[in-house]
Structures are given as C-alpha cells and as structure tokens.
>>> print(open('entry_1.cif').read())   # mmCIF, C-alpha atoms
data_upload
#
loop_
_atom_site.label_atom_id
_atom_site.label_comp_id
_atom_site.auth_asym_id
_atom_site.auth_seq_id
_atom_site.Cartn_x
_atom_site.Cartn_y
_atom_site.Cartn_z
CA MET A 27 114.29 -5.83 80.90
CA LEU A 28 116.80 -3.55 79.19
CA HIS A 29 117.31 -1.69 82.47
CA THR A 30 117.98 -4.97 84.25
CA TRP A 31 120.44 -6.06 81.56
CA ILE A 32 122.29 -2.76 81.82
CA VAL A 33 122.50 -3.00 85.61
CA GLU A 34 123.76 -6.56 85.45
CA SER A 35 126.15 -5.95 82.55
CA TRP A 36 127.57 -2.51 83.38
CA PRO A 37 131.02 -3.87 84.27
CA ARG A 38 131.22 -5.48 80.85
CA LEU A 39 129.87 -2.31 79.19
CA VAL A 40 132.56 -0.24 80.88
CA GLY A 41 135.16 -2.79 79.84
CA ALA A 42 133.92 -2.76 76.24
CA VAL A 43 134.05 1.05 76.13
CA LEU A 44 137.57 0.99 77.53
CA ILE A 45 138.63 -1.67 75.03
CA PHE A 46 137.19 0.40 72.18
CA ALA A 47 138.75 3.68 73.37
CA ILE A 48 142.18 2.24 74.12
CA GLY A 49 142.14 0.11 70.96
CA TRP A 50 141.11 3.11 68.86
CA PHE A 51 143.95 5.33 70.04
CA ALA A 52 146.47 2.49 69.99
CA GLY A 53 145.41 1.47 66.48
CA GLN A 54 145.63 5.04 65.18
CA GLY A 55 149.07 5.44 66.71
CA LEU A 56 150.27 2.17 65.18
CA VAL A 57 148.93 3.16 61.75
CA ARG A 58 150.73 6.51 61.96
CA LEU A 59 153.99 4.76 62.84
CA LEU A 60 153.60 2.35 59.92
CA VAL A 61 152.76 5.17 57.49
CA ALA A 62 155.81 7.14 58.67
CA ALA A 63 158.01 4.06 58.24
CA MET A 64 156.70 3.51 54.68
CA LYS A 65 157.39 7.14 53.78
CA ARG A 66 160.94 6.87 55.09
CA ALA A 67 161.37 3.71 53.02
CA GLY A 68 160.52 5.71 49.88
CA ILE A 69 157.32 3.84 49.03
CA GLU A 70 155.09 5.50 46.43
CA PRO A 71 152.89 8.13 48.22
CA THR A 72 149.70 6.81 46.60
CA LEU A 73 150.41 3.31 47.87
CA VAL A 74 151.21 4.70 51.33
CA SER A 75 147.87 6.52 51.38
CA PHE A 76 146.01 3.40 50.32
CA LEU A 77 147.72 1.19 52.90
CA GLY A 78 147.14 3.79 55.62
CA SER A 79 143.40 3.87 54.86
CA PHE A 80 143.22 0.08 54.71
CA LEU A 81 145.09 -0.36 58.00
CA THR A 82 142.86 2.22 59.70
CA LEU A 83 139.72 0.36 58.65
CA ALA A 84 141.25 -2.96 59.69
CA ALA A 85 142.17 -1.56 63.12
CA ILE A 86 138.63 -0.22 63.64
CA ALA A 87 137.13 -3.59 62.69
CA VAL A 88 139.42 -5.44 65.12
CA VAL A 89 138.59 -3.04 67.97
CA ILE A 90 134.83 -3.32 67.36
CA VAL A 91 134.96 -7.12 67.29
CA ALA A 92 137.05 -7.16 70.50
CA ALA A 93 134.62 -4.80 72.29
CA LEU A 94 131.52 -6.77 71.24
CA THR A 95 133.19 -10.05 72.18
CA HIS A 96 133.83 -8.64 75.66
CA LEU A 97 130.08 -7.96 75.93
CA GLY A 98 129.43 -11.65 75.36
CA ILE A 99 128.42 -11.57 71.72
CA PRO A 100 129.91 -14.63 69.94
CA SER A 101 132.64 -13.61 67.52
CA ALA A 102 131.51 -16.25 65.00
CA SER A 103 128.07 -14.63 64.77
CA MET A 104 129.63 -11.19 64.37
CA LEU A 105 131.91 -12.39 61.59
CA ALA A 106 128.95 -13.95 59.79
CA VAL A 107 126.99 -10.69 60.02
CA LEU A 108 130.01 -8.66 58.90
CA GLY A 109 130.59 -11.04 56.01
CA ALA A 110 126.99 -10.76 54.83
CA ALA A 111 127.10 -6.98 55.17
CA GLY A 112 130.39 -6.85 53.29
CA LEU A 113 128.96 -8.95 50.45
CA ALA A 114 125.91 -6.69 50.18
CA ILE A 115 128.11 -3.59 50.13
CA ALA A 116 130.44 -5.13 47.57
CA LEU A 117 127.55 -5.93 45.22
CA SER A 118 126.16 -2.40 45.49
CA LEU A 119 129.55 -0.78 44.98
CA GLN A 120 131.00 -2.89 42.17
CA SER A 121 132.20 0.10 40.14
CA SER A 122 133.82 1.71 43.18
CA LEU A 123 135.56 -1.53 44.07
CA SER A 124 136.77 -1.81 40.48
CA ASN A 125 138.22 1.70 40.74
CA PHE A 126 139.73 0.77 44.10
CA ALA A 127 141.41 -2.36 42.73
CA SER A 128 142.65 -0.43 39.68
CA GLY A 129 144.05 2.24 41.99
CA VAL A 130 146.04 -0.44 43.81
CA ILE A 131 147.37 -1.76 40.48
CA LEU A 132 148.40 1.74 39.36
CA SER A 133 150.12 2.33 42.69
CA VAL A 134 152.05 -0.94 42.58
CA PHE A 135 153.07 -1.08 38.92
CA ARG A 136 153.40 2.71 38.45
CA PRO A 137 152.91 3.15 34.69
CA PHE A 138 153.12 6.89 35.38
CA LYS A 139 153.77 9.25 38.28
CA VAL A 140 152.73 12.74 39.30
CA GLY A 141 154.10 15.25 36.78
CA ASP A 142 154.15 12.87 33.80
CA VAL A 143 152.34 13.74 30.57
CA VAL A 144 150.17 10.84 29.44
CA ASP A 145 147.79 10.00 26.62
CA ILE A 146 144.93 7.82 27.84
CA GLY A 147 142.59 6.78 25.07
CA GLY A 148 143.11 10.12 23.30
CA ASP A 149 142.89 12.27 26.45
CA ILE A 150 146.24 14.02 27.05
CA GLY A 151 147.10 15.63 30.36
CA ILE A 152 149.66 16.16 33.10
CA VAL A 153 149.18 13.85 36.10
CA GLU A 154 148.40 15.96 39.16
CA ALA A 155 147.18 13.44 41.74
CA ILE A 156 146.77 9.66 41.85
CA GLU A 157 144.05 8.71 44.33
CA ILE A 158 142.52 5.40 45.30
CA PHE A 159 139.40 5.76 43.15
CA TYR A 160 140.26 8.53 40.68
CA THR A 161 143.28 10.14 39.01
CA HIS A 162 143.41 13.89 38.36
CA PHE A 163 144.99 15.44 35.26
CA ARG A 164 145.53 18.94 33.87
CA THR A 165 144.96 19.19 30.12
CA PRO A 166 147.23 21.27 27.84
CA ASP A 167 144.58 24.04 27.76
CA ASN A 168 144.51 24.07 31.61
CA ARG A 169 141.28 22.18 32.22
CA GLY A 170 140.84 19.66 34.99
CA LEU A 171 140.33 16.06 33.92
CA VAL A 172 139.30 13.34 36.38
CA LEU A 173 139.24 9.73 35.21
CA PRO A 174 138.17 6.63 37.17
CA ASN A 175 141.10 4.34 37.81
CA SER A 176 139.26 1.42 36.21
CA VAL A 177 139.08 3.37 32.94
CA ILE A 178 142.81 4.12 33.08
CA ALA A 179 143.75 0.51 33.87
CA SER A 180 141.82 -0.80 30.85
CA ALA A 181 142.64 1.96 28.34
CA LYS A 182 145.54 2.31 25.93
CA LEU A 183 148.08 4.36 27.89
CA ILE A 184 151.02 6.25 26.37
CA ASN A 185 153.44 7.94 28.75
CA LEU A 186 154.81 10.83 26.71
CA THR A 187 157.47 11.69 29.29
CA ALA A 188 158.70 8.18 30.08
CA LYS A 189 161.82 8.60 27.92
CA GLU A 190 164.32 11.43 27.74
CA THR A 191 164.24 11.63 23.92
CA ARG A 192 161.45 11.67 21.35
CA ARG A 193 161.23 11.46 17.59
CA VAL A 194 159.54 14.27 15.68
CA ASP A 195 157.48 12.68 12.89
CA LEU A 196 156.83 15.06 10.00
CA GLU A 197 155.66 14.35 6.48
CA ILE A 198 155.36 16.77 3.63
CA GLY A 199 154.21 16.51 0.04
CA VAL A 200 156.14 17.92 -2.90
CA SER A 201 155.18 18.22 -6.54
CA TYR A 202 155.98 15.50 -9.06
CA ASP A 203 157.63 18.24 -11.13
CA ASP A 204 160.18 19.09 -8.40
CA ASN A 205 163.70 17.63 -8.39
CA LEU A 206 163.86 15.06 -5.58
CA ASP A 207 167.59 15.51 -5.03
CA THR A 208 167.05 19.23 -4.44
CA VAL A 209 164.15 18.55 -2.06
CA LEU A 210 166.14 16.08 0.02
CA ARG A 211 169.19 18.35 0.08
CA VAL A 212 167.14 21.30 1.37
CA LEU A 213 165.50 19.19 4.08
CA ARG A 214 168.81 17.69 5.26
CA GLY A 215 170.31 21.18 5.36
CA ILE A 216 167.47 22.36 7.64
CA LEU A 217 168.03 19.44 10.01
CA GLU A 218 171.80 19.88 10.10
CA ALA A 219 171.44 23.58 10.96
CA GLU A 220 169.07 22.92 13.88
CA PRO A 221 171.21 22.58 17.06
CA ARG A 222 168.43 20.94 19.10
CA ILE A 223 168.29 17.92 16.81
CA LEU A 224 170.33 15.00 18.14
CA LYS A 225 173.14 13.49 16.08
CA ASP A 226 172.57 10.03 17.57
CA PRO A 227 170.24 8.57 16.48
CA ALA A 228 170.76 10.31 13.19
CA PRO A 229 167.73 12.01 11.59
CA VAL A 230 166.09 10.25 8.67
CA VAL A 231 164.80 11.93 5.50
CA GLY A 232 163.39 9.80 2.71
CA VAL A 233 160.75 9.31 0.05
CA ALA A 234 157.82 7.57 1.71
CA LYS A 235 155.19 7.11 -0.97
CA PHE A 236 153.69 8.38 -4.19
CA ALA A 237 150.34 9.94 -3.41
CA ASP A 238 147.65 11.13 -5.83
CA SER A 239 148.73 14.77 -5.91
CA SER A 240 152.24 14.72 -4.46
CA ILE A 241 155.32 12.75 -3.47
CA THR A 242 155.32 12.24 0.31
CA ILE A 243 158.61 12.84 2.15
CA TRP A 244 159.15 11.64 5.72
CA ILE A 245 161.31 13.70 8.10
CA ARG A 246 162.29 11.85 11.30
CA PRO A 247 164.70 13.73 13.63
CA TRP A 248 165.29 12.90 17.32
CA VAL A 249 165.23 15.57 20.03
CA ASN A 250 165.26 15.87 23.80
CA ARG A 251 161.79 15.45 25.25
CA THR A 252 161.62 19.05 26.48
CA ASP A 253 162.39 20.38 22.97
CA TYR A 254 159.78 18.33 21.14
CA LEU A 255 157.05 20.91 20.49
CA ASP A 256 159.40 23.84 19.83
CA VAL A 257 161.43 21.87 17.29
CA MET A 258 158.30 20.57 15.55
CA PHE A 259 156.87 24.10 15.19
CA ASP A 260 160.19 25.56 14.03
CA LEU A 261 160.82 22.81 11.49
CA ASN A 262 157.41 23.30 9.89
CA ARG A 263 158.06 27.03 9.58
CA GLN A 264 161.59 26.59 8.21
CA ILE A 265 160.52 23.97 5.66
CA LYS A 266 157.87 26.28 4.20
CA GLN A 267 160.29 29.22 4.06
CA ARG A 268 163.15 27.25 2.51
CA PHE A 269 160.85 25.59 -0.03
CA ASP A 270 159.61 29.01 -1.12
CA GLU A 271 163.19 30.23 -1.51
CA ALA A 272 164.18 27.13 -3.51
CA GLY A 273 161.06 27.19 -5.68
CA ILE A 274 159.85 23.84 -4.37
CA THR A 275 156.10 23.39 -4.60
CA ILE A 276 153.89 21.99 -1.84
CA PRO A 277 150.86 20.90 -3.87
CA TYR A 278 147.32 20.71 -2.67
CA PRO A 279 144.58 18.39 -3.91
CA GLN A 280 142.94 19.67 -7.05
CA ARG A 281 140.65 18.29 -9.71
CA ASP A 282 140.17 19.27 -13.33
CA ILE A 283 136.54 19.28 -14.43
CA HIS A 284 135.78 19.20 -18.15
CA PHE A 285 132.35 20.20 -19.44
CA ILE A 286 131.26 18.46 -22.61
CA PRO A 287 128.60 20.44 -24.45
CA SER A 288 125.51 18.54 -25.46
CA ASP A 289 123.54 19.18 -28.66
CA THR A 290 120.44 17.74 -27.07
CA LYS A 291 117.83 20.42 -26.61
CA PRO A 292 115.32 20.14 -23.80
CA SER A 293 111.86 19.08 -24.99
CA GLY A 294 108.83 21.33 -24.66
#
>>> encode(input="entry_1.cif", output="structure tokens")
Amino acid sequence: MLHTWIVESWPRLVGAVLIFAIGWFAGQGLVRLLVAAMKRAGIEPTLVSFLGSFLTLAAIAVVIVAALTHLGIPSASMLAVLGAAGLAIALSLQSSLSNFASGVILSVFRPFKVGDVVDIGGDIGIVEAIEIFYTHFRTPDNRGLVLPNSVIASAKLINLTAKETRRVDLEIGVSYDDNLDTVLRVLRGILEAEPRILKDPAPVVGVAKFADSSITIWIRPWVNRTDYLDVMFDLNRQIKQRFDEAGITIPYPQRDIHFIPSDTKPSG
C-alpha cells in the first residue's frame, strides 16, 4: 500500500522536496538580508540575534507547511497539530520561555549594555554578553557569573556605570572630646586638596548623628565614575593620617565593667 502510494504520489513528493529545498535556501537568504539591514540600522546586537533566530524558525515553519500542503495534507489539520505541540512544549518549558521573554524585554528596554558594571540583587559584575536566555557577567575577582534573564528582569538592578559621575559616601566617628570645628576643618582641607574631587556639585561635610561611642560625620564628595574607587581608598587613608597628626580620636566601641564584691560566702 505504501509502495503504491509512493508510485502514485512521486510527482507531488518531488514537488514537496523542491518546495522545501528552495524555500529553505530562500528563507535563509532573506533572514541574512534582514539581519544585515538591522545591523546597518544600528539596532542592539542582542535584539538582532533574537530576531534572526525567530525569523529563521518562522521561515522553516512556513516552508514545512507549504511542502506538506503540496502533498495534500490539509493545512488546517497541520496547524491544529502544530498548535497542540506548541502548547505542550510551552507547558514543559515555562522557565525557558520566561527567560526568553525577559531576554526580549532586556534587549528592547536596554537597562544595561555590554561593558556596564551592574549590581543585580547584590551580585556585582561587568556585563560580557546578553543572550536570549541568559546574561553573562565577570565579577570583580574575575569569576564568571551567569544569570537567567527572568531573574535579572525581576531583581533590583543598579547600573553603576549609567552616569558619568558618582558620589563617594564616607562616614567616620570622632570622639565626643574632640573639637568639632577642628574635625570639620581638617576634613574640608582634605577634600579641597584632592584634585579628583569635583567642585560642582560641591562636596558635603557635616555632623550626621550622635552615636553611642562617637559623633558620626558624613563626607559626601562627587567624582568622575572612573575615579570612584581610587578616591575612596585615598580619602580613607588621608583621613586616618591627618586625624593622627591633628590628635583627633577615632573611637571604637568599649564597655566598662564594674565588679561589686559580695560578702556572701558559698554554703558547704
């Protein structure tokens, strides 16, 4: 029976193979042209990659349906089968589809790009590659970090390199016995002598709060993004050195314990 069907249907089989082969090569060529056009238009590379993959799959599906239709298989039946198969696949791959959808969102809205330094839920790293399902990072200690796009899309995201300037937030405690005017004068002198600190916005130095063991001073200078870590390290070093020279005390928590002797003698 199969042999008879093949003999009777070979012209349609040949036609279906030709439709598939020609459609395959034509579809691939069209996708390459569209991808090249998107690249020339300056579209985000991740979005180009996603659209290229989507268009390739769409072209394959169209070619398969056209070839099977030429064999005499009703297109409505094929679409119903493909729809049922797609639903089953979607249910079994919910997490992957969530990552896929999140990858599309990241590509369209672009909260960060390759080369940015980001903080995602406490994980800090340099963005190395943004893919459809996952995004790759390099941590400050040179480890590879791969996060699902769905995690990134739902997490608190801080782009540390989004702006050209950053504020260095320092706080330091001084003794209650120290003269506050002297403390503030020393700190302002350190900031004024540091050439990497921006004049606008002006740095802020002020008394923040009265803690249990010390008076807390806030130091808030602005710097260029690329100078952030170096300035923070240097300021901490200079503050300690200048405080030592000026006799300013940086207290540490301490507790006085008083022992009260007891006249009670143990029994027995």
>>> residues_around(input="entry_1.cif", residues="segment 255-258 of chain A", least_positions_apart="2", cutoff="12 Å", atoms="all atoms listed in the file", output="ChimeraX atom specification")
/A:192-197,216-217,219-224,245-253,260-265
>>> residues_around(input="entry_1.cif", residues="Val89 of chain A", least_positions_apart="4", cutoff="8 Å", atoms="all atoms listed in the file", output="list in words")
Ile45, Phe46, Gly49, Trp50, Ala85 and Ala93 of chain A
>>> closest_residue(input="entry_1.cif", among="A:Leu183, A:Asp142, A:Val130, A:Ala67", to="Tyr160 of chain A", atoms="all atoms listed in the file")
A:Val130
>>> residues_around(input="entry_1.cif", residues="Leu171 of chain A", least_positions_apart="6", cutoff="8 Å", atoms="all atoms listed in the file", output="number ranges by chain")
A: 151, 162-165
>>> resolve_selection(input="entry_1.cif", expression="the PyMOL selection byres ((chain A and resi 234) around 9)", output="number ranges by chain")
A: 197, 232-233, 235-236, 241-244
>>> resolve_selection(input="entry_1.cif", expression="the PyMOL selection byres ((chain A and resi 60) around 12)", output="PyMOL selection string")
chain A and resi 53-59+61-67+69+74-75+77-82
>>> residues_near_point(input="entry_1.cif", point="(143.3, 8.9, 27.4)", cutoff="10 Å", atoms="all atoms listed in the file", output="NGL selection string")
:A and (144-151 or 173 or 177-178 or 181-184)
>>> closest_residue(input="entry_1.cif", among="A:Ala155, A:Val134, A:Ala179, A:Ile274", to="Gly199 of chain A", atoms="all atoms listed in the file")
A:Ile274
>>> atom_distance(input="entry_1.cif", atom1="atom CA of Leu39 of chain A", atom2="atom CA of Val88 of chain A")
17.3 Å
>>> residues_around(input="entry_1.cif", residues="His96 of chain A", least_positions_apart="5", cutoff="8 Å", atoms="all atoms listed in the file", output="PyMOL selection string")
chain A and resi 38+41-42
>>> closest_residue(input="entry_1.cif", among="A:Val231, A:Pro277, A:Phe269, A:Leu186", to="Tyr254 of chain A", atoms="all atoms listed in the file")
A:Leu186
>>> residues_around(input="entry_1.cif", residues="Ser133 of chain A", least_positions_apart="2", cutoff="12 Å", atoms="all atoms listed in the file", output="PyMOL selection string")
chain A and resi 69-77+126-131+135-140+155-161+175+179
>>> resolve_selection(input="entry_1.cif", expression="the PyMOL selection byres ((chain A and resi 276) around 10)", output="short mmCIF file (atom, residue, chain, number, x, y, z; two decimals) with C-alpha atoms, in the coordinates of the input")
data_model
loop_
_atom_site.label_atom_id
_atom_site.label_comp_id
_atom_site.auth_asym_id
_atom_site.auth_seq_id
_atom_site.Cartn_x
_atom_site.Cartn_y
_atom_site.Cartn_z
CA ILE A 198 155.36 16.77 3.63
CA GLY A 199 154.21 16.51 0.04
CA VAL A 200 156.14 17.92 -2.90
CA SER A 201 155.18 18.22 -6.54
CA TYR A 202 155.98 15.50 -9.06
CA ASP A 204 160.18 19.09 -8.40
CA SER A 239 148.73 14.77 -5.91
CA SER A 240 152.24 14.72 -4.46
CA ILE A 241 155.32 12.75 -3.47
CA LYS A 266 157.87 26.28 4.20
CA PHE A 269 160.85 25.59 -0.03
CA ASP A 270 159.61 29.01 -1.12
CA GLY A 273 161.06 27.19 -5.68
CA ILE A 274 159.85 23.84 -4.37
CA THR A 275 156.10 23.39 -4.60
CA PRO A 277 150.86 20.90 -3.87
CA TYR A 278 147.32 20.71 -2.67
#
>>> atom_distance(input="entry_1.cif", atom1="atom CA of Ala84 of chain A", atom2="atom CA of Pro37 of chain A")
26.6 Å
>>> closest_residue(input="entry_1.cif", among="A:Asp207, A:Phe285, A:Pro279, A:Glu154", to="Ala237 of chain A", atoms="all atoms listed in the file")
A:Pro279
